[in-house]
>>> print(open('upload-v3.pdb').read())   # PDB, C-alpha atoms and all ligand atoms
MODEL        1
ATOM      1  CA  MET A   1     -16.337  12.789  -4.143  1.00  0.00           C
ATOM      2  CA  ASN A   2     -13.961  15.191  -5.888  1.00  0.00           C
ATOM      3  CA  ILE A   3     -10.472  13.809  -6.335  1.00  0.00           C
ATOM      4  CA  ALA A   4      -7.271  15.578  -7.429  1.00  0.00           C
ATOM      5  CA  VAL A   5      -4.516  13.460  -8.949  1.00  0.00           C
ATOM      6  CA  PHE A   6      -0.949  14.833  -8.719  1.00  0.00           C
ATOM      7  CA  VAL A   7       1.456  13.716 -11.446  1.00  0.00           C
ATOM      8  CA  SER A   8       4.920  14.469 -12.827  1.00  0.00           C
ATOM      9  CA  GLY A   9       5.453  11.945 -15.622  1.00  0.00           C
ATOM     10  CA  ASN A  10       3.867   9.269 -17.779  1.00  0.00           C
ATOM     11  CA  GLY A  11       0.601   9.027 -15.859  1.00  0.00           C
ATOM     12  CA  THR A  12      -0.198   5.337 -16.305  1.00  0.00           C
ATOM     13  CA  ASN A  13      -1.635   5.265 -12.783  1.00  0.00           C
ATOM     14  CA  LEU A  14      -3.741   8.333 -13.568  1.00  0.00           C
ATOM     15  CA  GLN A  15      -5.011   6.432 -16.618  1.00  0.00           C
ATOM     16  CA  ALA A  16      -5.861   3.366 -14.519  1.00  0.00           C
ATOM     17  CA  ILE A  17      -7.866   5.594 -12.149  1.00  0.00           C
ATOM     18  CA  ILE A  18      -9.685   7.357 -15.013  1.00  0.00           C
ATOM     19  CA  ASP A  19     -10.526   3.959 -16.551  1.00  0.00           C
ATOM     20  CA  ALA A  20     -11.771   2.470 -13.268  1.00  0.00           C
ATOM     21  CA  ILE A  21     -14.034   5.489 -12.730  1.00  0.00           C
ATOM     22  CA  SER A  22     -15.417   5.287 -16.248  1.00  0.00           C
ATOM     23  CA  ARG A  23     -16.156   1.570 -15.730  1.00  0.00           C
ATOM     24  CA  GLY A  24     -18.205   2.617 -12.701  1.00  0.00           C
ATOM     25  CA  GLU A  25     -15.883   0.947 -10.177  1.00  0.00           C
ATOM     26  CA  ILE A  26     -15.217   4.076  -8.113  1.00  0.00           C
ATOM     27  CA  ASN A  27     -17.924   6.538  -7.130  1.00  0.00           C
ATOM     28  CA  ALA A  28     -15.811   9.670  -7.559  1.00  0.00           C
ATOM     29  CA  LYS A  29     -14.690  12.235 -10.083  1.00  0.00           C
ATOM     30  CA  VAL A  30     -11.177  13.317 -11.008  1.00  0.00           C
ATOM     31  CA  SER A  31     -11.904  17.047 -10.842  1.00  0.00           C
ATOM     32  CA  LEU A  32      -8.322  18.208 -11.231  1.00  0.00           C
ATOM     33  CA  VAL A  33      -4.914  16.958 -12.333  1.00  0.00           C
ATOM     34  CA  VAL A  34      -2.022  18.851 -10.734  1.00  0.00           C
ATOM     35  CA  CYS A  35       1.334  18.670 -12.490  1.00  0.00           C
ATOM     36  CA  ASN A  36       4.738  20.263 -11.904  1.00  0.00           C
ATOM     37  CA  ASN A  37       6.127  19.277 -15.323  1.00  0.00           C
ATOM     38  CA  GLU A  38       4.767  20.854 -18.519  1.00  0.00           C
ATOM     39  CA  ALA A  39       6.171  18.026 -20.640  1.00  0.00           C
ATOM     40  CA  ALA A  40       4.476  15.215 -18.707  1.00  0.00           C
ATOM     41  CA  TYR A  41       2.520  12.763 -20.871  1.00  0.00           C
ATOM     42  CA  ALA A  42       0.027  12.555 -18.003  1.00  0.00           C
ATOM     43  CA  LEU A  43      -1.285  15.951 -19.176  1.00  0.00           C
ATOM     44  CA  THR A  44      -2.238  14.512 -22.563  1.00  0.00           C
ATOM     45  CA  ARG A  45      -4.116  11.745 -20.769  1.00  0.00           C
ATOM     46  CA  ALA A  46      -5.968  14.303 -18.632  1.00  0.00           C
ATOM     47  CA  LYS A  47      -6.915  16.398 -21.668  1.00  0.00           C
ATOM     48  CA  LYS A  48      -8.153  13.345 -23.566  1.00  0.00           C
ATOM     49  CA  ALA A  49     -10.396  12.531 -20.607  1.00  0.00           C
ATOM     50  CA  GLY A  50     -11.641  16.140 -20.415  1.00  0.00           C
ATOM     51  CA  ILE A  51     -10.135  16.736 -16.977  1.00  0.00           C
ATOM     52  CA  GLU A  52      -9.051  20.205 -15.889  1.00  0.00           C
ATOM     53  CA  THR A  53      -5.339  20.597 -15.252  1.00  0.00           C
ATOM     54  CA  PHE A  54      -3.289  22.894 -13.072  1.00  0.00           C
ATOM     55  CA  VAL A  55       0.241  22.914 -14.440  1.00  0.00           C
ATOM     56  CA  LYS A  56       2.893  24.849 -12.624  1.00  0.00           C
ATOM     57  CA  SER A  57       6.597  24.313 -12.309  1.00  0.00           C
ATOM     58  CA  HIS A  58       7.862  24.528  -8.743  1.00  0.00           C
ATOM     59  CA  LYS A  59      10.853  26.466 -10.080  1.00  0.00           C
ATOM     60  CA  GLY A  60      10.533  30.151  -9.305  1.00  0.00           C
ATOM     61  CA  PHE A  61       8.858  29.580  -5.949  1.00  0.00           C
ATOM     62  CA  LYS A  62      10.962  30.568  -2.959  1.00  0.00           C
ATOM     63  CA  THR A  63       9.785  27.811  -0.681  1.00  0.00           C
ATOM     64  CA  ARG A  64       7.993  24.481  -0.883  1.00  0.00           C
ATOM     65  CA  ALA A  65       5.203  26.002   1.229  1.00  0.00           C
ATOM     66  CA  ASP A  66       4.701  28.876  -1.275  1.00  0.00           C
ATOM     67  CA  TYR A  67       4.269  26.407  -4.111  1.00  0.00           C
ATOM     68  CA  ASP A  68       1.900  24.218  -2.127  1.00  0.00           C
ATOM     69  CA  ARG A  69      -0.214  27.255  -1.185  1.00  0.00           C
ATOM     70  CA  GLU A  70      -0.872  27.881  -4.903  1.00  0.00           C
ATOM     71  CA  ILE A  71      -2.020  24.284  -5.226  1.00  0.00           C
ATOM     72  CA  THR A  72      -4.205  24.514  -2.117  1.00  0.00           C
ATOM     73  CA  LYS A  73      -6.095  27.443  -3.672  1.00  0.00           C
ATOM     74  CA  GLU A  74      -6.923  25.284  -6.687  1.00  0.00           C
ATOM     75  CA  LEU A  75      -8.015  22.359  -4.517  1.00  0.00           C
ATOM     76  CA  LYS A  76     -10.278  24.582  -2.423  1.00  0.00           C
ATOM     77  CA  LYS A  77     -11.961  26.034  -5.525  1.00  0.00           C
ATOM     78  CA  ARG A  78     -13.014  22.527  -6.521  1.00  0.00           C
ATOM     79  CA  ASN A  79     -13.847  21.200  -3.079  1.00  0.00           C
ATOM     80  CA  ILE A  80     -11.263  18.398  -3.324  1.00  0.00           C
ATOM     81  CA  GLU A  81     -11.693  15.713  -0.670  1.00  0.00           C
ATOM     82  CA  LEU A  82      -8.918  13.314  -1.675  1.00  0.00           C
ATOM     83  CA  VAL A  83      -5.428  13.999  -3.032  1.00  0.00           C
ATOM     84  CA  VAL A  84      -3.980  11.080  -4.976  1.00  0.00           C
ATOM     85  CA  LEU A  85      -0.227  11.189  -5.638  1.00  0.00           C
ATOM     86  CA  ALA A  86       0.481   9.195  -8.787  1.00  0.00           C
ATOM     87  CA  GLY A  87       4.147   9.553  -9.625  1.00  0.00           C
ATOM     88  CA  PHE A  88       4.294  13.110  -8.228  1.00  0.00           C
ATOM     89  CA  MET A  89       8.026  13.385  -7.634  1.00  0.00           C
ATOM     90  CA  ARG A  90       7.965  16.115  -5.016  1.00  0.00           C
ATOM     91  CA  LEU A  91       7.777  16.128  -1.270  1.00  0.00           C
ATOM     92  CA  LEU A  92       4.803  18.118   0.045  1.00  0.00           C
ATOM     93  CA  SER A  93       5.310  20.798   2.691  1.00  0.00           C
ATOM     94  CA  PRO A  94       4.380  20.006   6.327  1.00  0.00           C
ATOM     95  CA  ASN A  95       1.647  22.663   6.111  1.00  0.00           C
ATOM     96  CA  PHE A  96       0.005  20.991   3.156  1.00  0.00           C
ATOM     97  CA  VAL A  97       0.203  17.569   4.826  1.00  0.00           C
ATOM     98  CA  LYS A  98      -1.373  19.028   7.963  1.00  0.00           C
ATOM     99  CA  LYS A  99      -4.207  20.636   6.002  1.00  0.00           C
ATOM    100  CA  TYR A 100      -5.041  17.432   4.167  1.00  0.00           C
ATOM    101  CA  ARG A 101      -4.043  14.886   6.818  1.00  0.00           C
ATOM    102  CA  ASN A 102      -5.542  11.429   6.123  1.00  0.00           C
ATOM    103  CA  LYS A 103      -6.733  12.759   2.778  1.00  0.00           C
ATOM    104  CA  ILE A 104      -3.504  12.322   0.801  1.00  0.00           C
ATOM    105  CA  ILE A 105      -2.540   8.921  -0.535  1.00  0.00           C
ATOM    106  CA  ASN A 106       0.521   7.772  -2.456  1.00  0.00           C
ATOM    107  CA  ILE A 107       1.557   4.723  -4.461  1.00  0.00           C
ATOM    108  CA  HIS A 108       5.102   3.457  -4.227  1.00  0.00           C
ATOM    109  CA  PRO A 109       6.696   0.625  -6.210  1.00  0.00           C
ATOM    110  CA  SER A 110       8.097  -1.427  -3.308  1.00  0.00           C
ATOM    111  CA  LEU A 111       6.964  -3.106  -0.134  1.00  0.00           C
ATOM    112  CA  LEU A 112       7.485  -0.154   2.187  1.00  0.00           C
ATOM    113  CA  PRO A 113       9.382   0.445   4.397  1.00  0.00           C
ATOM    114  CA  ALA A 114      11.835  -1.276   2.021  1.00  0.00           C
ATOM    115  CA  PHE A 115      13.294   0.685  -0.903  1.00  0.00           C
ATOM    116  CA  LYS A 116      12.022   4.217  -0.436  1.00  0.00           C
ATOM    117  CA  GLY A 117      12.965   6.915  -2.951  1.00  0.00           C
ATOM    118  CA  THR A 118      12.906   7.434  -6.690  1.00  0.00           C
ATOM    119  CA  HIS A 119      14.615   4.222  -7.876  1.00  0.00           C
ATOM    120  CA  ALA A 120      12.693   1.665  -5.846  1.00  0.00           C
ATOM    121  CA  ILE A 121      12.253  -0.937  -8.595  1.00  0.00           C
ATOM    122  CA  LYS A 122      15.910  -0.819  -9.643  1.00  0.00           C
ATOM    123  CA  ASP A 123      17.086  -0.857  -6.029  1.00  0.00           C
ATOM    124  CA  ALA A 124      14.992  -3.955  -5.279  1.00  0.00           C
ATOM    125  CA  PHE A 125      16.140  -5.640  -8.502  1.00  0.00           C
ATOM    126  CA  GLU A 126      19.794  -5.061  -7.675  1.00  0.00           C
ATOM    127  CA  SER A 127      19.426  -6.045  -4.022  1.00  0.00           C
ATOM    128  CA  GLY A 128      19.174  -9.775  -4.625  1.00  0.00           C
ATOM    129  CA  GLU A 129      15.812  -9.932  -2.768  1.00  0.00           C
ATOM    130  CA  LYS A 130      13.342 -12.502  -4.065  1.00  0.00           C
ATOM    131  CA  THR A 131      10.255 -10.346  -3.502  1.00  0.00           C
ATOM    132  CA  THR A 132       9.318  -6.735  -3.824  1.00  0.00           C
ATOM    133  CA  GLY A 133       5.892  -5.208  -4.498  1.00  0.00           C
ATOM    134  CA  VAL A 134       3.625  -2.210  -4.374  1.00  0.00           C
ATOM    135  CA  THR A 135       2.359  -0.109  -1.454  1.00  0.00           C
ATOM    136  CA  VAL A 136      -0.506   2.379  -1.231  1.00  0.00           C
ATOM    137  CA  HIS A 137      -0.293   4.489   1.916  1.00  0.00           C
ATOM    138  CA  PHE A 138      -1.500   7.680   3.573  1.00  0.00           C
ATOM    139  CA  VAL A 139       1.069  10.453   3.298  1.00  0.00           C
ATOM    140  CA  ASP A 140       2.751  12.047   6.286  1.00  0.00           C
ATOM    141  CA  GLU A 141       5.665  14.488   6.508  1.00  0.00           C
ATOM    142  CA  GLU A 142       8.317  11.888   5.614  1.00  0.00           C
ATOM    143  CA  LEU A 143       9.206  10.586   2.165  1.00  0.00           C
ATOM    144  CA  ASP A 144       7.330   7.399   1.140  1.00  0.00           C
ATOM    145  CA  HIS A 145       6.029   7.009   4.686  1.00  0.00           C
ATOM    146  CA  GLY A 146       2.706   6.849   6.527  1.00  0.00           C
ATOM    147  CA  PRO A 147      -0.041   4.345   7.437  1.00  0.00           C
ATOM    148  CA  ILE A 148      -0.326   1.555   4.879  1.00  0.00           C
ATOM    149  CA  ILE A 149      -3.671   1.009   3.126  1.00  0.00           C
ATOM    150  CA  LEU A 150      -2.825  -1.888   0.776  1.00  0.00           C
ATOM    151  CA  GLN A 151       0.272  -3.833  -0.204  1.00  0.00           C
ATOM    152  CA  GLU A 152       0.819  -6.537  -2.786  1.00  0.00           C
ATOM    153  CA  LYS A 153       3.874  -8.711  -3.301  1.00  0.00           C
ATOM    154  CA  VAL A 154       5.624  -9.223  -6.620  1.00  0.00           C
ATOM    155  CA  ASN A 155       8.159 -12.037  -6.997  1.00  0.00           C
ATOM    156  CA  ILE A 156      11.540 -11.310  -8.520  1.00  0.00           C
ATOM    157  CA  GLU A 157      12.218 -14.397 -10.620  1.00  0.00           C
ATOM    158  CA  LYS A 158      15.683 -15.555 -11.723  1.00  0.00           C
ATOM    159  CA  ASN A 159      14.890 -14.780 -15.351  1.00  0.00           C
ATOM    160  CA  ASP A 160      13.454 -11.299 -14.644  1.00  0.00           C
ATOM    161  CA  THR A 161      15.212  -8.306 -16.148  1.00  0.00           C
ATOM    162  CA  LEU A 162      14.720  -4.804 -14.786  1.00  0.00           C
ATOM    163  CA  GLU A 163      12.248  -4.225 -17.631  1.00  0.00           C
ATOM    164  CA  THR A 164      10.134  -7.338 -16.944  1.00  0.00           C
ATOM    165  CA  LEU A 165      10.107  -6.522 -13.230  1.00  0.00           C
ATOM    166  CA  GLU A 166       8.988  -2.961 -13.983  1.00  0.00           C
ATOM    167  CA  GLU A 167       6.199  -4.319 -16.167  1.00  0.00           C
ATOM    168  CA  LYS A 168       5.000  -6.686 -13.427  1.00  0.00           C
ATOM    169  CA  ILE A 169       5.072  -3.909 -10.810  1.00  0.00           C
ATOM    170  CA  HIS A 170       3.145  -1.468 -12.991  1.00  0.00           C
ATOM    171  CA  LYS A 171       0.506  -4.099 -13.731  1.00  0.00           C
ATOM    172  CA  VAL A 172      -0.039  -4.574  -9.983  1.00  0.00           C
ATOM    173  CA  GLU A 173      -0.090  -0.792  -9.419  1.00  0.00           C
ATOM    174  CA  HIS A 174      -2.840  -0.311 -11.969  1.00  0.00           C
ATOM    175  CA  LYS A 175      -5.107  -2.725 -10.053  1.00  0.00           C
ATOM    176  CA  LEU A 176      -4.070  -1.788  -6.512  1.00  0.00           C
ATOM    177  CA  TYR A 177      -4.459   2.004  -6.756  1.00  0.00           C
ATOM    178  CA  PRO A 178      -8.068   1.982  -8.022  1.00  0.00           C
ATOM    179  CA  LYS A 179      -8.848  -0.633  -5.347  1.00  0.00           C
ATOM    180  CA  ALA A 180      -7.418   1.576  -2.574  1.00  0.00           C
ATOM    181  CA  ILE A 181      -9.273   4.650  -3.847  1.00  0.00           C
ATOM    182  CA  LYS A 182     -12.486   2.663  -3.958  1.00  0.00           C
ATOM    183  CA  LEU A 183     -11.951   1.646  -0.308  1.00  0.00           C
ATOM    184  CA  PHE A 184     -11.319   5.263   0.719  1.00  0.00           C
ATOM    185  CA  VAL A 185     -14.390   6.580  -1.102  1.00  0.00           C
ATOM    186  CA  ARG A 186     -16.582   3.834   0.362  1.00  0.00           C
ATOM    187  CA  ARG A 187     -15.351   4.407   3.902  1.00  0.00           C
ATOM    188  CA  GLN A 188     -15.936   8.117   3.545  1.00  0.00           C
ATOM    189  CA  SER A 189     -19.513   7.647   2.351  1.00  0.00           C
ATOM    190  CA  ASP A 190     -20.165   5.066   5.139  1.00  0.00           C
ATOM    191  CA  ASN A 191     -19.016   7.688   7.668  1.00  0.00           C
ATOM    192  CA  VAL A 192     -21.310  10.318   6.170  1.00  0.00           C
ATOM    193  CA  ASN A 193     -24.269   7.921   6.295  1.00  0.00           C
ATOM    194  CA  GLU A 194     -23.578   7.135   9.957  1.00  0.00           C
ATOM    195  CA  ASP A 195     -23.582  10.845  10.936  1.00  0.00           C
TER     196      ASP A 195
HETATM  197  C1  LIG A 201       4.890   4.636 -10.349  1.00  0.00           C
HETATM  198  O1  LIG A 201       5.606   3.434 -10.499  1.00  0.00           O
HETATM  199  C2  LIG A 201       4.832   5.042  -8.895  1.00  0.00           C
HETATM  200  O2  LIG A 201       4.751   3.948  -8.031  1.00  0.00           O
HETATM  201  C3  LIG A 201       6.146   5.762  -8.730  1.00  0.00           C
HETATM  202  O3  LIG A 201       6.245   6.528  -9.908  1.00  0.00           O
HETATM  203  C4  LIG A 201       5.655   5.801 -10.983  1.00  0.00           C
HETATM  204  C5  LIG A 201       4.754   6.732 -11.771  1.00  0.00           C
HETATM  205  O4  LIG A 201       4.301   6.120 -12.943  1.00  0.00           O
HETATM  206  N1  LIG A 201       6.141   6.582  -7.547  1.00  0.00           N
HETATM  207  C6  LIG A 201       7.191   6.703  -6.723  1.00  0.00           C
HETATM  208  O5  LIG A 201       8.260   6.164  -6.924  1.00  0.00           O
HETATM  209  C7  LIG A 201       6.937   7.563  -5.497  1.00  0.00           C
HETATM  210  N2  LIG A 201       8.034   7.530  -4.610  1.00  0.00           N
HETATM  211  P1  LIG A 201       3.110   6.731 -13.788  1.00  0.00           P
HETATM  212  O6  LIG A 201       3.443   8.204 -14.008  1.00  0.00           O
HETATM  213  O7  LIG A 201       3.112   5.956 -15.084  1.00  0.00           O
HETATM  214  O8  LIG A 201       1.840   6.561 -13.000  1.00  0.00           O
ENDMDL
END
>>> encode(input="upload-v3.pdb", output="structure tokens", more="lines below")
Ligand code: GAR
Amino acid sequence: MNIAVFVSGNGTNLQAIIDAISRGEINAKVSLVVCNNEAAYALTRAKKAGIETFVKSHKGFKTRADYDREITKELKKRNIELVVLAGFMRLLSPNFVKKYRNKIINIHPSLLPAFKGTHAIKDAFESGEKTTGVTVHFVDEELDHGPIILQEKVNIEKNDTLETLEEKIHKVEHKLYPKAIKLFVRRQSDNVNED
């Protein structure tokens, strides 16, 4: 199965996916990394792994749909069957979501529906809650929303700082995302075999 991973920043989740594939844990190929930020370290990771990249800033596009259409062309060229959002800090247009419905997944650093948005770890840390976590879900038209695939709790201990909590969350993410992708790929190939 051809996968595209969408990134905007550091790309530690991209790395975890690349590593899980190279260990033979997921029967798929990252055929494209899509990035809206030329300075993202994720691009260095992609290049090191020999993965093609499509880098384009969304600035200069009139509408979200125009930008997403450019991306769709690239996905079609490579016959992409799963879009994996890994720290892609942009909402996708309704048209794109419709085209790839049930084929776009996202990871978010909280137990959704709690703490949506870009500062989920900090928001949970400052809330006084004793638990937060990680969610992998299918993407719909709303931000950080859609059917949940996997969730894992992370305790917020009294002696945690924002940094230690971030570390714990990222560690869980790097296990949970490859696991969710593996489930998706398996289910897809089961469906094909049943046909
Ligand atoms: C991850 O913590 C991911 O859960 C979060 O961005 C980070 C990207 O890190 N995504 C969101 O907050 C989506 N709303 P990475 O670039 O090192 O993979």
>>> closest_residue(input="upload-v3.pdb", among="A:His119, A:Lys158, A:Lys179, A:Lys73", to="ligand LIG 201 (chain A)", atoms="all atoms listed in the file")
A:His119
>>> resolve_selection(input="upload-v3.pdb", expression="the PyMOL selection byres (((not hetatm)) within 8 of (chain A and resi 201))", output="PDB file with C-alpha atoms, in the coordinates of the input")
ATOM      1  CA  VAL A   7       1.456  13.716 -11.446  1.00  0.00           C
ATOM      2  CA  SER A   8       4.920  14.469 -12.827  1.00  0.00           C
ATOM      3  CA  GLY A   9       5.453  11.945 -15.622  1.00  0.00           C
ATOM      4  CA  ASN A  10       3.867   9.269 -17.779  1.00  0.00           C
ATOM      5  CA  GLY A  11       0.601   9.027 -15.859  1.00  0.00           C
ATOM      6  CA  THR A  12      -0.198   5.337 -16.305  1.00  0.00           C
ATOM      7  CA  ASN A  13      -1.635   5.265 -12.783  1.00  0.00           C
ATOM      8  CA  LEU A  14      -3.741   8.333 -13.568  1.00  0.00           C
ATOM      9  CA  GLN A  15      -5.011   6.432 -16.618  1.00  0.00           C
ATOM     10  CA  ALA A  42       0.027  12.555 -18.003  1.00  0.00           C
ATOM     11  CA  ALA A  86       0.481   9.195  -8.787  1.00  0.00           C
ATOM     12  CA  GLY A  87       4.147   9.553  -9.625  1.00  0.00           C
ATOM     13  CA  PHE A  88       4.294  13.110  -8.228  1.00  0.00           C
ATOM     14  CA  MET A  89       8.026  13.385  -7.634  1.00  0.00           C
ATOM     15  CA  ASN A 106       0.521   7.772  -2.456  1.00  0.00           C
ATOM     16  CA  ILE A 107       1.557   4.723  -4.461  1.00  0.00           C
ATOM     17  CA  HIS A 108       5.102   3.457  -4.227  1.00  0.00           C
ATOM     18  CA  PRO A 109       6.696   0.625  -6.210  1.00  0.00           C
ATOM     19  CA  SER A 110       8.097  -1.427  -3.308  1.00  0.00           C
ATOM     20  CA  LYS A 116      12.022   4.217  -0.436  1.00  0.00           C
ATOM     21  CA  GLY A 117      12.965   6.915  -2.951  1.00  0.00           C
ATOM     22  CA  THR A 118      12.906   7.434  -6.690  1.00  0.00           C
ATOM     23  CA  HIS A 119      14.615   4.222  -7.876  1.00  0.00           C
ATOM     24  CA  ALA A 120      12.693   1.665  -5.846  1.00  0.00           C
ATOM     25  CA  VAL A 134       3.625  -2.210  -4.374  1.00  0.00           C
ATOM     26  CA  LEU A 143       9.206  10.586   2.165  1.00  0.00           C
ATOM     27  CA  ASP A 144       7.330   7.399   1.140  1.00  0.00           C
ATOM     28  CA  ILE A 169       5.072  -3.909 -10.810  1.00  0.00           C
ATOM     29  CA  HIS A 170       3.145  -1.468 -12.991  1.00  0.00           C
ATOM     30  CA  GLU A 173      -0.090  -0.792  -9.419  1.00  0.00           C
TER      31      GLU A 173
END
>>> axis_aligned_box(input="upload-v3.pdb", around="region 151-169 of chain A", padding_each_side="6 Å", output="JSON")
{"center_x": 8.0, "center_y": -9.3, "center_z": -8.9, "size_x": 27.4, "size_y": 24.6, "size_z": 29.4}
>>> atom_distance(input="upload-v3.pdb", atom1="CA of Lys76 (chain A)", atom2="CA of Arg187 (chain A)")
21.7 Å
>>> resolve_selection(input="upload-v3.pdb", expression="the PyMOL selection byres (((chain A and resi 28) around 7) and not hetatm)", output="ChimeraX atom specification")
/A:1-3,21,26-27,29-30
>>> resolve_selection(input="upload-v3.pdb", expression="the PyMOL selection byres (((chain A and resi 56-58) around 6) and not hetatm)", output="list in words")
Asn36, Asn37, Val55, Lys59 and Phe61 of chain A
>>> closest_residue(input="upload-v3.pdb", among="A:Leu112, A:Leu43, A:Ile149, A:Ala49", to="Thr132 (chain A)", atoms="only C-alpha atoms")
A:Leu112
>>> closest_residue(input="upload-v3.pdb", among="A:Ala20, A:Val5, A:Ala46, A:Leu32", to="Leu85 (chain A)", atoms="all atoms listed in the file")
A:Val5
>>> closest_residue(input="upload-v3.pdb", among="A:Asp160, A:Asp190, A:Glu129, A:Asp19", to="Arg45 (chain A)", atoms="only C-alpha atoms")
A:Asp19
>>> residues_around(input="upload-v3.pdb", residues="Leu92 (chain A)", least_positions_apart="6", cutoff="12 Å", atoms="all atoms listed in the file", output="list of chain:residue names")
A:Phe6, A:His58, A:Thr63, A:Arg64, A:Ala65, A:Asp66, A:Tyr67, A:Asp68, A:Arg69, A:Ile71, A:Thr72, A:Val83, A:Leu85, A:Lys98, A:Lys99, A:Tyr100, A:Arg101, A:Ile104, A:Ile105, A:Asn106, A:Val139, A:Asp140, A:Glu141, A:Glu142, A:Leu143, A:Asp144
>>> residues_around(input="upload-v3.pdb", residues="Leu150 (chain A)", least_positions_apart="6", cutoff="10 Å", atoms="all atoms listed in the file", output="PyMOL selection string")
chain A and resi 107+111+134-137+176-177+179-180+183
>>> atom_distance(input="upload-v3.pdb", atom1="CA of Leu82 (chain A)", atom2="CA of Ser31 (chain A)")
10.3 Å
>>> atom_distance(input="upload-v3.pdb", atom1="CA of Pro113 (chain A)", atom2="CA of Val97 (chain A)")
19.4 Å
>>> closest_residue(input="upload-v3.pdb", among="A:Ala114, A:Leu75, A:Ala40, A:Val34", to="Phe96 (chain A)", atoms="only C-alpha atoms")
A:Leu75
>>> closest_residue(input="upload-v3.pdb", among="A:Arg90, A:Gly133, A:Ser22, A:Ile80", to="Cys35 (chain A)", atoms="only C-alpha atoms")
A:Arg90
>>> decode(input="upload-v3.pdb", residues="region 113-142 of chain A", atoms="C-alpha atoms", output="short mmCIF file (atom, residue, chain, number, x, y, z; two decimals), in the first residue's frame")
data_model
loop_
_atom_site.label_atom_id
_atom_site.label_comp_id
_atom_site.auth_asym_id
_atom_site.auth_seq_id
_atom_site.Cartn_x
_atom_site.Cartn_y
_atom_site.Cartn_z
CA PRO A 113 -12.55 15.13 22.37
CA ALA A 114 -10.59 16.83 25.18
CA PHE A 115 -8.01 19.49 24.31
CA LYS A 116 -8.32 19.98 20.57
CA GLY A 117 -6.07 22.47 18.79
CA THR A 118 -2.38 23.26 18.53
CA HIS A 119 -1.44 23.43 22.24
CA ALA A 120 -3.05 20.23 23.47
CA ILE A 121 -0.22 19.07 25.73
CA LYS A 122 0.19 22.46 27.40
CA ASP A 123 -3.57 22.88 27.76
CA ALA A 124 -3.89 19.49 29.46
CA PHE A 125 -0.87 20.21 31.69
CA GLU A 126 -2.32 23.52 32.83
CA SER A 127 -5.84 22.15 33.30
CA GLY A 128 -5.12 20.27 36.51
CA GLU A 129 -6.37 16.99 34.97
CA LYS A 130 -4.62 13.84 36.16
CA THR A 131 -4.69 12.09 32.78
CA THR A 132 -4.29 13.02 29.18
CA GLY A 133 -3.07 10.88 26.27
CA VAL A 134 -2.87 10.30 22.56
CA THR A 135 -5.57 9.72 19.94
CA VAL A 136 -5.36 8.37 16.39
CA HIS A 137 -8.54 9.04 14.44
CA PHE A 138 -10.03 9.23 10.95
CA VAL A 139 -10.26 12.81 9.72
CA ASP A 140 -13.53 14.53 8.92
CA GLU A 141 -14.30 18.17 8.11
CA GLU A 142 -13.81 19.40 11.70
#
